[in-house]
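For reference, structure.cif (mmCIF, C-alpha atoms):
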```cif
data_work
#
loop_
_atom_site.label_atom_id
_atom_site.label_comp_id
_atom_site.auth_asym_id
_atom_site.auth_seq_id
_atom_site.Cartn_x
_atom_site.Cartn_y
_atom_site.Cartn_z
CA MET A 1 5.10 33.17 60.06
CA ALA A 2 5.63 34.51 56.56
CA ARG A 3 9.30 35.00 57.28
CA ARG A 4 9.64 31.39 58.49
CA ARG A 5 7.92 30.16 55.30
CA LEU A 6 10.29 32.26 53.23
CA SER A 7 13.38 30.92 54.99
CA SER A 8 12.27 27.28 54.60
CA LEU A 9 11.63 28.01 50.91
CA TYR A 10 15.15 29.44 50.73
CA LEU A 11 16.52 26.32 52.41
CA LEU A 12 14.65 24.07 50.01
CA VAL A 13 15.89 26.01 46.97
CA SER A 14 19.47 25.87 48.17
CA ILE A 15 19.20 22.11 48.82
CA PHE A 16 17.94 21.61 45.27
CA PHE A 17 20.73 23.82 44.00
CA TYR A 18 23.46 21.86 45.76
CA VAL A 19 21.96 18.49 44.88
CA GLY A 20 21.82 19.64 41.27
CA LEU A 21 25.43 20.76 41.40
CA VAL A 22 26.60 17.46 42.87
CA CYS A 23 24.69 15.45 40.26
CA ALA A 24 25.99 17.54 37.36
CA THR A 25 29.62 17.10 38.45
CA PRO A 26 30.78 13.90 36.76
CA LYS A 27 31.83 11.20 39.14
CA ILE A 28 34.78 9.24 37.91
CA ALA A 29 35.54 5.80 39.24
CA ILE A 30 38.85 4.05 38.69
CA GLU A 31 38.87 0.30 38.16
CA ASN A 32 41.81 -2.11 38.26
CA PRO A 33 44.62 0.46 38.58
CA ARG A 34 47.96 -1.29 38.15
CA VAL A 35 51.58 -0.68 37.28
CA ARG A 36 54.34 -2.99 36.07
CA ALA A 37 57.08 -3.81 38.57
CA THR A 38 60.54 -2.54 37.60
CA ALA A 39 64.00 -4.00 37.91
CA SER A 40 66.73 -2.05 39.63
CA GLY A 41 68.17 0.64 37.36
CA GLN A 42 64.96 0.91 35.38
CA THR A 43 63.42 4.35 35.77
CA VAL A 44 60.33 4.00 33.60
CA SER A 45 57.19 1.91 33.92
CA GLY A 46 53.71 1.65 32.45
CA GLY A 47 50.47 2.19 34.36
CA TYR A 48 47.00 0.98 33.37
CA MET A 49 43.40 1.27 34.57
CA THR A 50 39.81 1.68 33.46
CA LEU A 51 38.23 5.13 33.82
CA ILE A 52 34.50 4.93 34.45
CA ASN A 53 32.22 7.91 33.96
CA ASP A 54 28.70 7.12 35.19
CA GLY A 55 27.60 10.72 34.92
CA SER A 56 25.76 12.50 32.13
CA THR A 57 28.60 14.96 31.47
CA ALA A 58 31.71 14.26 29.46
CA ASP A 59 35.00 14.65 31.28
CA ARG A 60 38.70 14.41 30.49
CA LEU A 61 41.76 13.11 32.30
CA VAL A 62 44.21 15.97 31.97
CA SER A 63 47.17 15.09 34.15
CA VAL A 64 48.53 12.53 36.58
CA SER A 65 51.05 12.88 39.37
CA ALA A 66 52.68 10.88 42.15
CA SER A 67 55.26 11.65 44.79
CA TRP A 68 57.34 8.62 43.78
CA ALA A 69 57.77 9.56 40.10
CA GLY A 70 59.31 12.73 38.69
CA MET A 71 56.98 12.83 35.72
CA ILE A 72 53.90 10.98 34.49
CA GLN A 73 52.65 11.44 30.96
CA ILE A 74 49.66 9.99 29.14
CA HIS A 75 50.82 8.06 26.10
CA GLN A 76 49.40 6.08 23.24
CA SER A 77 51.27 3.10 21.79
CA SER A 78 50.73 2.02 18.24
CA THR A 79 52.31 -0.43 15.88
CA ASP A 80 52.02 0.61 12.25
CA GLY A 81 53.75 -1.28 9.50
CA GLY A 82 55.84 -3.25 11.96
CA VAL A 83 57.09 -0.16 13.82
CA MET A 84 56.29 0.51 17.48
CA ARG A 85 55.53 4.11 18.24
CA MET A 86 54.66 5.86 21.44
CA ARG A 87 53.33 9.41 21.58
CA GLU A 88 52.20 11.71 24.33
CA MET A 89 48.50 12.61 24.28
CA PRO A 90 48.83 16.34 25.00
CA ASP A 91 45.06 16.82 25.30
CA GLY A 92 44.68 13.99 27.79
CA VAL A 93 42.12 11.21 27.69
CA PRO A 94 38.49 12.08 26.88
CA VAL A 95 36.02 10.20 29.09
CA PRO A 96 32.57 10.61 27.47
CA ALA A 97 29.39 10.55 29.56
CA ARG A 98 28.36 7.05 30.64
CA SER A 99 31.45 5.37 29.30
CA ARG A 100 34.37 3.17 30.26
CA VAL A 101 37.75 4.07 28.85
CA GLU A 102 40.48 1.49 29.15
CA LEU A 103 44.17 2.26 29.56
CA LYS A 104 45.76 -1.07 28.66
CA PRO A 105 48.96 -2.66 27.36
CA ARG A 106 49.73 -1.66 23.76
CA GLY A 107 47.16 1.13 23.89
CA MET A 108 46.75 4.22 26.02
CA HIS A 109 48.84 4.07 29.16
CA LEU A 110 50.53 6.15 31.81
CA MET A 111 54.21 6.58 31.05
CA ILE A 112 55.64 6.83 34.54
CA MET A 113 59.15 8.30 34.47
CA GLN A 114 61.95 9.25 36.83
CA LEU A 115 61.05 6.59 39.39
CA SER A 116 62.70 7.35 42.70
CA ALA A 117 63.01 3.63 43.52
CA PRO A 118 62.21 0.31 41.80
CA LEU A 119 58.53 -0.70 41.97
CA GLU A 120 58.27 -3.92 43.94
CA ALA A 121 55.51 -6.39 43.08
CA GLY A 122 52.80 -6.56 45.71
CA ARG A 123 53.08 -2.95 46.83
CA SER A 124 50.48 -0.21 46.32
CA MET A 125 51.46 3.18 44.97
CA PRO A 126 49.24 6.25 45.52
CA LEU A 127 48.39 8.31 42.48
CA LEU A 128 46.52 11.57 41.84
CA LEU A 129 44.46 11.89 38.69
CA GLN A 130 43.34 15.35 37.64
CA PHE A 131 40.09 15.51 35.68
CA GLU A 132 38.78 18.60 33.88
CA LYS A 133 35.40 18.49 35.66
CA ALA A 134 35.60 15.87 38.40
CA GLY A 135 38.72 17.46 39.82
CA THR A 136 41.28 15.37 41.68
CA VAL A 137 40.62 11.66 41.98
CA LYS A 138 42.84 9.45 44.13
CA ALA A 139 43.83 5.97 43.06
CA SER A 140 46.21 3.33 44.29
CA LEU A 141 48.20 1.40 41.72
CA ARG A 142 48.80 -2.28 42.45
CA VAL A 143 52.36 -3.25 41.48
CA GLU A 144 52.16 -6.39 39.29
CA PRO A 145 55.13 -8.69 38.52
CA ALA A 146 56.65 -7.79 35.14
CA GLY A 147 56.19 -11.35 33.88
CA ALA A 148 52.49 -11.56 34.72
CA MET A 149 51.05 -8.16 33.94
CA PRO A 150 47.42 -8.59 32.87
CA MET B 1 28.58 -52.58 -21.11
CA ARG B 2 29.05 -48.92 -20.02
CA GLY B 3 28.82 -49.56 -16.29
CA PRO B 4 31.83 -51.66 -15.23
CA SER B 5 34.50 -50.05 -17.48
CA ASN B 6 33.36 -46.51 -16.66
CA ARG B 7 33.44 -47.35 -13.00
CA LEU B 8 36.96 -48.74 -13.41
CA ILE B 9 38.17 -45.60 -15.21
CA ASN B 10 36.54 -43.38 -12.58
CA GLY B 11 38.22 -45.36 -9.85
CA LEU B 12 41.61 -45.11 -11.54
CA MET B 13 41.17 -41.36 -12.07
CA ILE B 14 40.32 -40.79 -8.43
CA GLY B 15 43.34 -42.86 -7.42
CA LEU B 16 45.61 -40.92 -9.74
CA VAL B 17 44.37 -37.53 -8.50
CA THR B 18 44.86 -38.66 -4.90
CA ILE B 19 48.43 -39.77 -5.59
CA LEU B 20 49.24 -36.52 -7.45
CA ALA B 21 47.77 -34.45 -4.65
CA ALA B 22 49.85 -36.33 -2.10
CA CYS B 23 53.03 -35.79 -4.15
CA THR B 24 52.57 -32.08 -4.73
CA SER B 25 50.97 -31.03 -1.44
CA ALA B 26 53.20 -28.54 0.36
CA PRO B 27 53.23 -28.51 4.16
CA PRO B 28 50.58 -26.17 5.57
CA PRO B 29 51.77 -22.58 5.92
CA PHE B 30 53.09 -21.30 9.24
CA ASN B 31 50.95 -18.90 11.26
CA ALA B 32 53.80 -16.39 11.17
CA THR B 33 55.29 -15.17 7.88
CA GLU B 34 57.82 -17.63 6.51
CA VAL B 35 60.97 -15.87 5.30
CA THR B 36 63.35 -18.81 4.80
CA GLY B 37 66.28 -17.75 2.61
CA VAL B 38 66.07 -13.98 3.13
CA SER B 39 69.32 -12.04 3.05
CA TYR B 40 68.73 -9.89 6.16
CA GLY B 41 69.30 -10.77 9.78
CA THR B 42 71.39 -13.79 8.82
CA GLU B 43 74.02 -13.16 11.47
CA LEU B 44 74.75 -10.95 14.42
CA GLN B 45 77.90 -10.13 16.38
CA ILE B 46 76.89 -8.22 19.49
CA ALA B 47 78.24 -8.08 23.04
CA ASP B 48 76.13 -9.65 25.77
CA THR B 49 75.78 -8.19 29.27
CA ARG B 50 79.13 -9.71 30.30
CA GLY B 51 80.83 -8.05 27.36
CA GLU B 52 81.29 -11.29 25.39
CA ARG B 53 80.52 -11.02 21.70
CA ARG B 54 77.78 -13.44 20.75
CA SER B 55 76.76 -14.74 17.36
CA LEU B 56 73.78 -16.79 16.28
CA SER B 57 75.87 -19.96 16.14
CA ASP B 58 76.24 -19.74 19.93
CA PHE B 59 72.56 -20.64 20.08
CA SER B 60 72.71 -23.41 17.50
CA GLY B 61 70.48 -26.34 18.46
CA LYS B 62 67.81 -24.05 19.84
CA VAL B 63 64.99 -22.14 18.20
CA THR B 64 66.12 -18.54 18.72
CA ILE B 65 63.83 -15.53 18.89
CA VAL B 66 65.40 -12.10 18.38
CA PHE B 67 63.70 -8.76 18.83
CA PHE B 68 64.60 -5.11 19.38
CA GLY B 69 63.58 -3.10 22.43
CA PHE B 70 64.83 -0.97 25.31
CA THR B 71 64.32 -0.83 29.05
CA SER B 72 62.81 2.68 29.11
CA CYS B 73 59.97 1.45 26.91
CA PRO B 74 57.08 1.29 29.38
CA ASP B 75 54.45 -0.53 27.40
CA VAL B 76 55.03 -2.57 24.26
CA CYS B 77 58.53 -3.96 25.01
CA PRO B 78 57.68 -5.37 28.46
CA THR B 79 54.39 -6.72 27.12
CA THR B 80 56.29 -8.54 24.35
CA LEU B 81 58.87 -9.94 26.80
CA MET B 82 56.11 -11.13 29.10
CA ARG B 83 54.36 -12.87 26.21
CA LEU B 84 57.59 -14.55 25.08
CA GLY B 85 58.01 -15.80 28.66
CA GLN B 86 54.49 -17.18 28.51
CA LEU B 87 55.34 -18.78 25.18
CA ARG B 88 58.22 -20.71 26.75
CA GLN B 89 55.93 -21.87 29.55
CA LYS B 90 53.24 -22.91 27.08
CA LEU B 91 55.79 -25.04 25.23
CA GLY B 92 56.41 -27.00 28.41
CA ALA B 93 59.54 -29.16 28.17
CA ASP B 94 60.14 -27.85 24.62
CA GLY B 95 60.46 -24.36 26.08
CA ALA B 96 63.98 -25.20 27.23
CA ALA B 97 64.99 -25.39 23.55
CA VAL B 98 63.81 -21.83 22.89
CA GLN B 99 66.21 -18.92 23.37
CA VAL B 100 64.83 -15.37 23.55
CA ILE B 101 67.26 -12.53 22.78
CA LEU B 102 66.54 -8.85 23.32
CA VAL B 103 68.77 -6.47 21.38
CA THR B 104 68.66 -2.98 22.88
CA VAL B 105 68.16 0.00 20.59
CA ASP B 106 69.14 2.31 23.46
CA PRO B 107 72.73 1.39 24.37
CA GLU B 108 73.32 4.89 25.77
CA ARG B 109 70.85 4.44 28.61
CA ASP B 110 70.77 0.64 28.75
CA THR B 111 73.93 -0.29 30.57
CA ALA B 112 74.90 -3.96 30.65
CA SER B 113 73.86 -4.38 34.27
CA ARG B 114 70.55 -2.63 33.75
CA LEU B 115 69.79 -4.85 30.74
CA GLU B 116 70.74 -8.02 32.58
CA VAL B 117 68.42 -7.35 35.52
CA TYR B 118 65.68 -6.22 33.17
CA VAL B 119 65.48 -9.33 30.98
CA LYS B 120 65.92 -11.75 33.88
CA ASN B 121 62.94 -10.08 35.49
CA PHE B 122 60.80 -11.68 32.79
CA ASP B 123 62.52 -15.04 32.38
CA ALA B 124 65.80 -16.30 33.80
CA SER B 125 66.79 -17.78 30.43
CA PHE B 126 66.46 -14.54 28.43
CA VAL B 127 69.61 -12.99 27.00
CA ALA B 128 70.15 -9.29 26.32
CA LEU B 129 72.63 -8.00 23.75
CA ARG B 130 74.00 -4.49 23.70
CA PRO B 131 75.54 -3.08 20.52
CA ALA B 132 77.97 -0.24 21.12
CA PRO B 133 76.26 3.11 20.32
CA GLN B 134 78.32 3.42 17.13
CA GLU B 135 77.38 -0.14 16.09
CA LEU B 136 73.65 0.27 16.56
CA GLU B 137 72.89 1.66 13.12
CA SER B 138 74.62 -1.18 11.28
CA VAL B 139 73.01 -3.83 13.50
CA VAL B 140 69.56 -2.41 12.91
CA LYS B 141 70.22 -2.09 9.18
CA ALA B 142 71.38 -5.70 8.96
CA PHE B 143 67.89 -6.72 10.10
CA HIS B 144 66.16 -4.31 7.71
CA ALA B 145 64.78 -2.77 10.88
CA ILE B 146 64.54 0.79 12.13
CA ALA B 147 65.28 2.57 15.40
CA MET B 148 64.68 6.30 15.65
CA LYS B 149 65.08 8.56 18.66
CA VAL B 150 62.06 10.81 19.19
CA PRO B 151 62.22 13.60 21.79
CA THR B 152 59.29 13.78 24.21
CA ALA B 153 57.00 16.80 23.85
CA ASP B 154 58.72 18.76 26.62
CA GLY B 155 62.14 18.01 25.12
CA THR B 156 63.65 16.71 28.35
CA ASP B 157 63.66 13.04 27.42
CA TYR B 158 63.35 10.76 24.41
CA THR B 159 61.65 7.61 23.37
CA ILE B 160 62.61 5.34 20.46
CA ASP B 161 60.39 4.29 17.60
CA HIS B 162 61.62 0.87 16.56
CA SER B 163 60.73 -2.24 14.60
CA SER B 164 58.39 -4.49 16.51
CA THR B 165 59.18 -7.57 14.42
CA ILE B 166 60.04 -10.85 16.15
CA TYR B 167 62.64 -12.83 14.17
CA VAL B 168 62.55 -16.60 14.59
CA TYR B 169 65.52 -18.87 13.75
CA ASP B 170 65.50 -22.65 13.51
CA ARG B 171 67.91 -25.01 15.30
CA LYS B 172 70.44 -24.51 12.48
CA THR B 173 70.28 -20.71 13.06
CA ARG B 174 68.58 -20.06 9.74
CA MET B 175 66.01 -17.29 9.86
CA ARG B 176 62.67 -18.94 9.16
CA LEU B 177 59.83 -16.73 10.40
CA ILE B 178 58.96 -13.17 11.23
CA ALA B 179 55.96 -12.24 13.37
CA GLN B 180 54.42 -9.24 15.05
CA PRO B 181 54.33 -9.27 18.86
CA ASP B 182 50.53 -9.27 19.07
CA MET B 183 50.32 -12.65 17.37
CA PRO B 184 48.32 -15.12 19.52
CA ILE B 185 50.74 -17.10 21.69
CA GLU B 186 49.10 -20.43 20.74
CA GLN B 187 49.77 -19.77 17.04
CA LEU B 188 53.41 -18.84 17.64
CA ALA B 189 53.82 -21.87 19.91
CA ALA B 190 52.47 -24.14 17.15
CA ASP B 191 54.98 -22.70 14.66
CA ILE B 192 57.85 -23.15 17.09
CA ARG B 193 56.89 -26.75 17.79
CA ARG B 194 57.14 -27.38 14.04
CA LEU B 195 60.56 -25.73 13.86
CA LEU B 196 61.75 -27.75 16.85
CA ALA B 197 60.53 -30.96 15.23
CA ASP B 198 61.82 -30.47 11.69
CA SER B 199 65.34 -29.27 12.20
#
```
As a first step, turn the structure in this file into structure tokens.
Amino acid sequence: MARRRLSSLYLLVSIFFYVGLVCATPKIAIENPRVRATASGQTVSGGYMTLINDGSTADRLVSVSASWAGMIQIHQSSTDGGVMRMREMPDGVPVPARSRVELKPRGMHLMIMQLSAPLEAGRSMPLLLQFEKAGTVKASLRVEPAGAMP
Amino acid sequence: MRGPSNRLINGLMIGLVTILAACTSAPPPFNATEVTGVSYGTELQIADTRGERRSLSDFSGKVTIVFFGFTSCPDVCPTTLMRLGQLRQKLGADGAAVQVILVTVDPERDTASRLEVYVKNFDASFVALRPAPQELESVVKAFHAIAMKVPTADGTDYTIDHSSTIYVYDRKTRMRLIAQPDMPIEQLAADIRRLLADS
């Protein structure tokens, strides 16, 4: 009897432990992931999305990869004094607790390089996003026509 | 005694001020920065994607928009080209009288065929010009612009910091306006309508 009580207590404690662990791990949602279609010969494109952290713990997007691109970097565009600049963000993109972080044209974006083939409008391209705490998050980039990229 | 003559003088004064104001009032300023008469960017002589050297006079009769970019630019350049395409659409029938020209700052990677496909992807009327690598510096300088290669952090690739300015020429190929690419399309369209109407 006592042993049974002990084991159910153990079970209860472990359930609480795992529930706690799951809740503490930030859950990242990806909204509106998209990439600009490319013309033949073009090996670089820009990817955009909104990173949503509904959790109570801050997280960070540290790297991005895809089988169809040799390299993907996280970049920030800026125009200062009439000059366009683009720089890699070596520390990734911070995603504070309960926040939405937008990767958008003329701001932070994915610089997708060494494309193995042109990106055709209408297709979906799988992408893996690596977060510091949330781990690997899958996304699928919608390929948007170059002339109508929102 | 005072009333009628004072009223007459007041009336005359108001009339005079109105006439003077009408005579001296300048046209309202453009939304973009007016640069009529500047000494830079007055001409260009650059090969197009078929290898033919083009000059501004080839586009005489149109309002011409020139800007610098390159096809490996993933973000700002395509966004600008897309917006210039939208500008032509917004202008409706007048859009046919607007010529957009992209001058590459990356002739080493931007081959003629690559450039041609790239610009046409945004708008079939767009023209791309490709200075020879050894010409690039003088072309950029002639526009008081800059283009600077910057290696990526891992050193395997490079990007190019370059002037984002949009140069706008009137139908007589005189440079009239400069703008930044984030300018609201409606404002730029209003300026271009004025240029189309007055020259």
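Comparing the minimum interatomic distances between chain B and each of A:Ala148, A:Ala121, A:Ala58, A:Val137, counting all atoms listed in the file, we find that A:Ala148 sits nearest.
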Give me the residues of chain B that have any atom at most 9 Å from an atom of chain A; for each, the nearest atom pair and the distance in Å, rounded to one decimal. Use only C-alpha atoms, sort by chain and number, and format it as JSON lines.
```
{"residue": "B:Thr71", "atom": "CA", "partner": "A:Gln42", "partner_atom": "CA", "distance": 6.6}
{"residue": "B:Ser72", "atom": "CA", "partner": "A:Val44", "partner_atom": "CA", "distance": 5.3}
{"residue": "B:Cys73", "atom": "CA", "partner": "A:Val44", "partner_atom": "CA", "distance": 7.2}
{"residue": "B:Pro74", "atom": "CA", "partner": "A:Gly46", "partner_atom": "CA", "distance": 4.6}
{"residue": "B:Asp75", "atom": "CA", "partner": "A:Gly46", "partner_atom": "CA", "distance": 5.6}
{"residue": "B:Val76", "atom": "CA", "partner": "A:Arg106", "partner_atom": "CA", "distance": 5.4}
{"residue": "B:Pro78", "atom": "CA", "partner": "A:Ala146", "partner_atom": "CA", "distance": 7.2}
{"residue": "B:Thr79", "atom": "CA", "partner": "A:Pro105", "partner_atom": "CA", "distance": 6.8}
{"residue": "B:Leu81", "atom": "CA", "partner": "A:Gly147", "partner_atom": "CA", "distance": 7.7}
{"residue": "B:Met82", "atom": "CA", "partner": "A:Gly147", "partner_atom": "CA", "distance": 4.8}
{"residue": "B:Arg83", "atom": "CA", "partner": "A:Gly147", "partner_atom": "CA", "distance": 8.0}
{"residue": "B:Gly85", "atom": "CA", "partner": "A:Gly147", "partner_atom": "CA", "distance": 7.1}
{"residue": "B:Gln86", "atom": "CA", "partner": "A:Gly147", "partner_atom": "CA", "distance": 8.1}
{"residue": "B:Asp110", "atom": "CA", "partner": "A:Gln42", "partner_atom": "CA", "distance": 8.8}
{"residue": "B:Thr111", "atom": "CA", "partner": "A:Gly41", "partner_atom": "CA", "distance": 9.0}
{"residue": "B:Ser113", "atom": "CA", "partner": "A:Gly41", "partner_atom": "CA", "distance": 8.2}
{"residue": "B:Arg114", "atom": "CA", "partner": "A:Gly41", "partner_atom": "CA", "distance": 5.4}
{"residue": "B:Leu115", "atom": "CA", "partner": "A:Gly41", "partner_atom": "CA", "distance": 8.8}
{"residue": "B:Val117", "atom": "CA", "partner": "A:Ala39", "partner_atom": "CA", "distance": 6.0}
{"residue": "B:Tyr118", "atom": "CA", "partner": "A:Ala39", "partner_atom": "CA", "distance": 5.5}
{"residue": "B:Val119", "atom": "CA", "partner": "A:Ala39", "partner_atom": "CA", "distance": 8.9}
{"residue": "B:Lys120", "atom": "CA", "partner": "A:Ala39", "partner_atom": "CA", "distance": 8.9}
{"residue": "B:Asn121", "atom": "CA", "partner": "A:Ala39", "partner_atom": "CA", "distance": 6.6}
{"residue": "B:Phe122", "atom": "CA", "partner": "A:Gly147", "partner_atom": "CA", "distance": 4.7}
{"residue": "B:Asp123", "atom": "CA", "partner": "A:Gly147", "partner_atom": "CA", "distance": 7.5}
{"residue": "B:Ala145", "atom": "CA", "partner": "A:Val83", "partner_atom": "CA", "distance": 8.6}
{"residue": "B:Ile146", "atom": "CA", "partner": "A:Val83", "partner_atom": "CA", "distance": 7.7}
{"residue": "B:Ala147", "atom": "CA", "partner": "A:Val83", "partner_atom": "CA", "distance": 8.8}
{"residue": "B:Thr152", "atom": "CA", "partner": "A:Glu88", "partner_atom": "CA", "distance": 7.4}
{"residue": "B:Ala153", "atom": "CA", "partner": "A:Glu88", "partner_atom": "CA", "distance": 7.0}
{"residue": "B:Thr159", "atom": "CA", "partner": "A:Met86", "partner_atom": "CA", "distance": 7.5}
{"residue": "B:Ile160", "atom": "CA", "partner": "A:Arg85", "partner_atom": "CA", "distance": 7.5}
{"residue": "B:Asp161", "atom": "CA", "partner": "A:Arg85", "partner_atom": "CA", "distance": 4.9}
{"residue": "B:His162", "atom": "CA", "partner": "A:Val83", "partner_atom": "CA", "distance": 5.4}
{"residue": "B:Ser163", "atom": "CA", "partner": "A:Val83", "partner_atom": "CA", "distance": 4.3}
{"residue": "B:Ser164", "atom": "CA", "partner": "A:Val83", "partner_atom": "CA", "distance": 5.3}
{"residue": "B:Thr165", "atom": "CA", "partner": "A:Gly82", "partner_atom": "CA", "distance": 6.0}
{"residue": "B:Gln180", "atom": "CA", "partner": "A:Gly82", "partner_atom": "CA", "distance": 6.9}
{"residue": "B:Asp182", "atom": "CA", "partner": "A:Arg106", "partner_atom": "CA", "distance": 9.0}
```
Care to translate the PyMOL selection byres ((chain B and resi 105) around 6) into actual residues of this file, as a CSV table (one decimal) with C-alpha atoms, in the frame of the given file?
```
chain,number,residue,atom,x,y,z
B,69,GLY,CA,63.6,-3.1,22.4
B,70,PHE,CA,64.8,-1.0,25.3
B,104,THR,CA,68.7,-3.0,22.9
B,106,ASP,CA,69.1,2.3,23.5
```
Exercise. Write out as a PyMOL selection string which residues come within 8 Å of Ile101 (chain B) when counting only C-alpha atoms, dropping same-chain ones fewer than 6 positions away.
Key: chain B and resi 64-67+126-129
Next, write the just-selected residues to a file, as a PDB file, in the coordinates of the input, keeping C-alpha atoms as the atom set.
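Listed below is the output, result.pdb:
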```
ATOM      1  CA  THR B  64      66.120 -18.540  18.720  1.00  0.00           C
ATOM      2  CA  ILE B  65      63.830 -15.530  18.890  1.00  0.00           C
ATOM      3  CA  VAL B  66      65.400 -12.100  18.380  1.00  0.00           C
ATOM      4  CA  PHE B  67      63.700  -8.760  18.830  1.00  0.00           C
ATOM      5  CA  PHE B 126      66.460 -14.540  28.430  1.00  0.00           C
ATOM      6  CA  VAL B 127      69.610 -12.990  27.000  1.00  0.00           C
ATOM      7  CA  ALA B 128      70.150  -9.290  26.320  1.00  0.00           C
ATOM      8  CA  LEU B 129      72.630  -8.000  23.750  1.00  0.00           C
TER       9      LEU B 129
END
```
Quiz item: Near Gly51 (chain B), counting all atoms listed in the file, which residues have an atom at most 9 Å away, once you skip same-chain residues fewer than 4 positions from it, shown as a list in words?
Solution: Ile46, Ala47, Ala112, Leu129 and Arg130 of chain B
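Counting from CA of Ala132 (chain B), the distance to CA of Glu108 (chain B) is 8.3 Å.
With all atoms listed in the file as the atoms that count, the residue of B:Gln187, B:Gln89, B:Thr156, B:Thr173 with the shortest distance to Met71 (chain A) is B:Thr156.
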Enumerate, as a PDB file with C-alpha atoms, keeping the file's coordinate frame, the residues matched when the PyMOL selection byres ((chain A and resi 133) around 12) is run on the file above.
```pdb
ATOM      1  CA  LEU A  21      25.430  20.760  41.400  1.00  0.00           C
ATOM      2  CA  VAL A  22      26.600  17.460  42.870  1.00  0.00           C
ATOM      3  CA  ALA A  24      25.990  17.540  37.360  1.00  0.00           C
ATOM      4  CA  THR A  25      29.620  17.100  38.450  1.00  0.00           C
ATOM      5  CA  PRO A  26      30.780  13.900  36.760  1.00  0.00           C
ATOM      6  CA  LYS A  27      31.830  11.200  39.140  1.00  0.00           C
ATOM      7  CA  ILE A  28      34.780   9.240  37.910  1.00  0.00           C
ATOM      8  CA  ASN A  53      32.220   7.910  33.960  1.00  0.00           C
ATOM      9  CA  GLY A  55      27.600  10.720  34.920  1.00  0.00           C
ATOM     10  CA  SER A  56      25.760  12.500  32.130  1.00  0.00           C
ATOM     11  CA  THR A  57      28.600  14.960  31.470  1.00  0.00           C
ATOM     12  CA  ALA A  58      31.710  14.260  29.460  1.00  0.00           C
ATOM     13  CA  ASP A  59      35.000  14.650  31.280  1.00  0.00           C
ATOM     14  CA  ARG A  60      38.700  14.410  30.490  1.00  0.00           C
ATOM     15  CA  LEU A  61      41.760  13.110  32.300  1.00  0.00           C
ATOM     16  CA  VAL A  62      44.210  15.970  31.970  1.00  0.00           C
ATOM     17  CA  PRO A  94      38.490  12.080  26.880  1.00  0.00           C
ATOM     18  CA  VAL A  95      36.020  10.200  29.090  1.00  0.00           C
ATOM     19  CA  PRO A  96      32.570  10.610  27.470  1.00  0.00           C
ATOM     20  CA  ALA A  97      29.390  10.550  29.560  1.00  0.00           C
ATOM     21  CA  LEU A 129      44.460  11.890  38.690  1.00  0.00           C
ATOM     22  CA  GLN A 130      43.340  15.350  37.640  1.00  0.00           C
ATOM     23  CA  PHE A 131      40.090  15.510  35.680  1.00  0.00           C
ATOM     24  CA  GLU A 132      38.780  18.600  33.880  1.00  0.00           C
ATOM     25  CA  ALA A 134      35.600  15.870  38.400  1.00  0.00           C
ATOM     26  CA  GLY A 135      38.720  17.460  39.820  1.00  0.00           C
ATOM     27  CA  THR A 136      41.280  15.370  41.680  1.00  0.00           C
ATOM     28  CA  VAL A 137      40.620  11.660  41.980  1.00  0.00           C
TER      29      VAL A 137
END
```
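For the pair CA of Ser57 (chain B) and CA of Leu188 (chain B), the separation is 22.5 Å.
Going from CA of Glu120 (chain A) to CA of Arg142 (chain A) covers 9.7 Å.
In terms of minimum interatomic distance to Leu177 (chain B), B:Gly37 ranks closest within B:Pro151, B:Pro131, B:Gly37, B:Gly92, counting all atoms listed in the file.
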Self-check item: Nearest candidate to Pro118 (chain A) (options A:Ser8, A:Trp68, A:Ala29, A:Leu51; using only C-alpha atoms)
Solution: A:Trp68
Exercise. Show which residues sit within 8 Å of Thr50 (chain A), as a VMD selection string. Count only C-alpha atoms, and ignore same-chain residues fewer than 4 positions away.
Key: chain A and resid 30 to 33 100 to 103
Practice problem: Using all atoms listed in the file, pick whichever of B:Ile192, B:Ile166, B:Phe68, B:Tyr40 has the shortest atom-to-atom distance to Asp94 (chain B). | Solution: B:Ile192
Self-check item: Near-Ala142 (chain B) list (10 Å; all atoms listed in the file; drop same-chain fewer than 5 positions) as a VMD selection string
Solution: chain B and resid 39 to 44 136 to 137
Quiz item: Once the PyMOL selection byres ((chain B and resi 35) around 8) has been applied to the shown file, what residues remain in the selection, as a ChimeraX atom specification?
Solution: /B:33-34,36-38,175-178
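Here the question is which of A:Leu128, A:Ile74, A:Val93, A:Val143 gets nearest to Ile52 (chain A) using only C-alpha atoms, and that residue is A:Val93.
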Quiz item: Could you pull the residues within 8 Å of Leu91 (chain B), counting only C-alpha atoms, minus those fewer than 3 positions along the same chain, as an MDAnalysis selection string?
Solution: chainID B and resid 87:88 94:95 189 193
How would region 81-85 of chain A read, as a short mmCIF file (atom, residue, chain, number, x, y, z; two decimals), in the frame of the given file, once N, CA and C atoms are built in?
```
data_model
loop_
_atom_site.label_atom_id
_atom_site.label_comp_id
_atom_site.auth_asym_id
_atom_site.auth_seq_id
_atom_site.Cartn_x
_atom_site.Cartn_y
_atom_site.Cartn_z
N GLY A 81 52.77 -0.78 10.45
CA GLY A 81 53.75 -1.28 9.50
C GLY A 81 54.97 -1.88 10.18
N GLY A 82 54.75 -2.58 11.30
CA GLY A 82 55.84 -3.25 11.96
C GLY A 82 56.74 -2.33 12.78
N VAL A 83 56.29 -1.09 13.00
CA VAL A 83 57.09 -0.16 13.82
C VAL A 83 56.28 0.24 15.06
N MET A 84 56.93 0.11 16.23
CA MET A 84 56.29 0.51 17.48
C MET A 84 56.50 1.99 17.68
N ARG A 85 55.42 2.68 17.96
CA ARG A 85 55.53 4.11 18.24
C ARG A 85 54.82 4.40 19.55
#
```
